[in-house]
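I have placed the structure first, in the form of structure tokens, so that the comments after it can refer back to it.
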Amino acid sequence: MSTTFPKYDEATNEIWVYKLNATYMRIHREVFRNCGKSLSIPTFDLNPDINTKWGSWNPSTRLMTFSSKLFRNFELGAFEYVMRHEIAHQIVSEIFDMDAYGISHGEAWERACKLVNIIPKRCSSSTFLSQFKGSNKSDMVEKVSKLLIHGNDSGCTEHEAEAFLNKAKQLMLRHDIVMGETDQTDRVFLKRPFGLNYKRFPSWMWTLGRLLEANYNVKNIRTYFYKGNERYLRLELFGEPSNLDIAEYVGHALIAQAEVLYDKFRKERALEVKTIRERDGKNAYIGTKISKSAFMDGLLAGYASTLRQSKKETIEKITAEDGQVIPLYDSNLLKEMQGKAYPNLIFSSIAGSVGAGRGAGRKAGVGLKLAKGVNSNGNRQLQLN
């Protein structure tokens with residue numbers, strides 16, 4: 001599935017391929033201990049549009065392909081299981097030196113399954129899905145997504161846009177009521193990479209993380225990975241799939257539009273400085289140098305204030321219609337699950353941005369409307385190859 005933000009999809013895939021490599025090497029060591037022979041590390045590929053297979057192994061190209069839906073909708077054990085399944089196919093072709101085509105799930109593959117510690121049984125989608133907690137429904141996300149698109153369409157009137165966006169907010173709030181009534185054991189909590197990978201982590205990304213936490217029932221964590229010898233930092237979101245889908249869309253749309261607005265502000269400021277210097281001389285006082293971090297931080301703070309007010313009005317409206325107080329999302333459970341997912345999590349204070357531009361950014365953020373471009377992440381029935 002494409003999220004309509006290719007730049008961020010590419011950065012996210014880097015993280016998932018990194019995790020695939022790490023998982024592969026761990027299973028690789030198991031295989032060596034079990035049979036005394038080594039496999040050659042394959043090339044990994046993630047396919048967002050694959051609709052018939054969870055994973056596949058191609059011995060001629062040495063390509064191991066996985067569906068992105070595994071990472072977006074299932075807990076970590078799911079993609080490890082699929083990888084073990086595909087490594088069993090690799091063992092048949094590389095250690096047993098057999099043609100994998102035509103005998104993909106035969107006796108040799110069953111022997112290989114024992115080397116990777118999985119049951120030697122070909123799994124259908126339903127069998128696979130029953131083994132791991134995952135999300136295969138996104139009706140609410142699809143509805144909210146369509147409303148967000150309509151509400152931000154430049155072709156609709158201000159009244160129509162407001163109606164669409166208000167309906168989207170109501171659905172999200174009502175959705176949290178449903179989730180609150182769901183048995184805890186049936187709820188899925190996932191880690192999802194978000195945004196770009198940075199050598200120097202921008203301070204305004206913390207502001208964005210707090211905005212998403214406050215409004216979309218997710219947690220944000222700064223994490224890192226290595227590309228070669230270089231260390232990269234990034235934000236990671238944690239929560240339930242439907243909430244992650246919405247938070248991811250809103251966050252990426254905010255970054256994309258904030259970048260455009262900052263570029264516009266920078267050019268306007270450069271023209272203003274040029275005019276002052278032409279009028280008063282090259283040594284004229286032009287104020288503090290503008291800061292992208294300050295502008296972005298201000299924009300996000302401004303948008304956050306708009307969201308707070310809008311949420312308050314929406315809750316009052318729903319309460320009046322239903323005649324009862326809207327229960328809050330179970331944030332304690334989310335925090336508890338975060339603690340289990342990140343047992344070594346460390347909290348720290350973050351310094352703010354310095355430089356001019358925060359006021360202009362805040363002004364832009366207060367009146368910001370998200371641009372078009374969101375897809376739901378429906379999960380079709382897939383199979384292991």
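Convention: chains lettered A, B, ... in structure tokens order; per-chain residue numbering from 1; ligands numbered from 1 as shown.
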
*Near segment 18-33 of chain A, counting only C-alpha atoms, which residues have an atom at most 9 Å away, once you skip same-chain residues fewer than 2 positions from it, shown as an MDAnalysis selection string?*
chainID A and resid 13:16 35:41 44 79:80 83:84 87 91 115:117 225:227

*Write out as a ChimeraX atom specification the residues lying within 12 Å of segment 208-212 of chain A, counting only C-alpha atoms and excluding same-chain residues fewer than 6 positions away.*
/A:194-195,202,218-222,234-239,243-255,258,293,296-308,350,365

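For segment 27-98 of chain A, backbone-based DSSP assignment of strand (DSSP E or B) covers Thr43, Phe44, Asp45, Leu46, Asn47, Lys53, Trp54, Gly55, Ser56, Trp57, Asn58, Leu63, Met64, Thr65, Phe66, Ser67 and Phe74 of chain A.
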
Output the selection as a PDB file, in the first residue's frame - C-alpha atoms for each residue.
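Result written to out-v8.pdb:
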```pdb
ATOM      1  CA  THR A  43      18.470  -9.433  -1.135  1.00  0.00           C
ATOM      2  CA  PHE A  44      15.304  -8.245   0.612  1.00  0.00           C
ATOM      3  CA  ASP A  45      12.414  -6.470  -1.037  1.00  0.00           C
ATOM      4  CA  LEU A  46       9.207  -4.997   0.367  1.00  0.00           C
ATOM      5  CA  ASN A  47       6.160  -4.901  -1.853  1.00  0.00           C
ATOM      6  CA  LYS A  53       1.470 -13.748  -0.869  1.00  0.00           C
ATOM      7  CA  TRP A  54       2.874 -12.801   2.535  1.00  0.00           C
ATOM      8  CA  GLY A  55       6.336 -13.651   1.304  1.00  0.00           C
ATOM      9  CA  SER A  56       8.250 -15.427  -1.445  1.00  0.00           C
ATOM     10  CA  TRP A  57      11.727 -16.751  -2.224  1.00  0.00           C
ATOM     11  CA  ASN A  58      13.160 -16.660  -5.746  1.00  0.00           C
ATOM     12  CA  LEU A  63      15.381 -12.254  -3.826  1.00  0.00           C
ATOM     13  CA  MET A  64      13.270 -12.648  -0.666  1.00  0.00           C
ATOM     14  CA  THR A  65      10.119 -10.525  -0.934  1.00  0.00           C
ATOM     15  CA  PHE A  66       7.684  -9.614   1.839  1.00  0.00           C
ATOM     16  CA  SER A  67       4.370  -7.815   1.915  1.00  0.00           C
ATOM     17  CA  PHE A  74       0.730  -7.482  12.523  1.00  0.00           C
TER      18      PHE A  74
END
```

*Name all residues at most 9 Å from segment 340-344 of chain A (count only C-alpha atoms; drop same-chain ones fewer than 2 positions away) and give them as a count of residues only.*
9

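On the backbone of this structure, DSSP gives alpha helix (DSSP H) within segment 47-94 of chain A to A:Lys69, A:Leu70, A:Phe71, A:Arg72, A:Asn73, A:Leu76, A:Gly77, A:Ala78, A:Phe79, A:Glu80, A:Tyr81, A:Val82, A:Met83, A:Arg84, A:His85, A:Glu86, A:Ile87, A:Ala88, A:His89, A:Gln90, A:Ile91, A:Val92, A:Ser93, A:Glu94.
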
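Between atom CA of Pro193 of chain A and atom CA of Tyr232 of chain A the interatomic distance comes to 12.5 Å.
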
_Nearby residues (only C-alpha atoms) at most 9 Å from Leu196 of chain A, same-chain spacing under 6 positions excluded, as a PyMOL selection string_ = chain A and resi 7-12+233-235

Would you put the residues from that selection into a file with C-alpha atoms, as a PDB file, in the first residue's frame?
```pdb
ATOM      1  CA  LYS A   7       9.530  10.070   0.390  1.00  0.00           C
ATOM      2  CA  TYR A   8       8.412   8.802   3.786  1.00  0.00           C
ATOM      3  CA  ASP A   9       7.543   5.342   2.455  1.00  0.00           C
ATOM      4  CA  GLU A  10      11.122   5.017   1.203  1.00  0.00           C
ATOM      5  CA  ALA A  11      12.559   6.053   4.579  1.00  0.00           C
ATOM      6  CA  THR A  12      10.260   3.621   6.383  1.00  0.00           C
ATOM      7  CA  LEU A 233      17.770   8.903  14.210  1.00  0.00           C
ATOM      8  CA  ARG A 234      14.050   8.849  13.567  1.00  0.00           C
ATOM      9  CA  LEU A 235      10.632   8.955  15.200  1.00  0.00           C
TER      10      LEU A 235
END
```

*Of the residues A:Ile119, A:Val82, A:Val188, A:Leu345, which is the one nearest to Pro241 of chain A, using only C-alpha atoms?*
A:Val188

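Comparing A:Phe5, A:Tyr81, A:Phe71, A:Phe295 by their smallest distance to Ser203 of chain A, the closest is A:Phe295 (using only C-alpha atoms).
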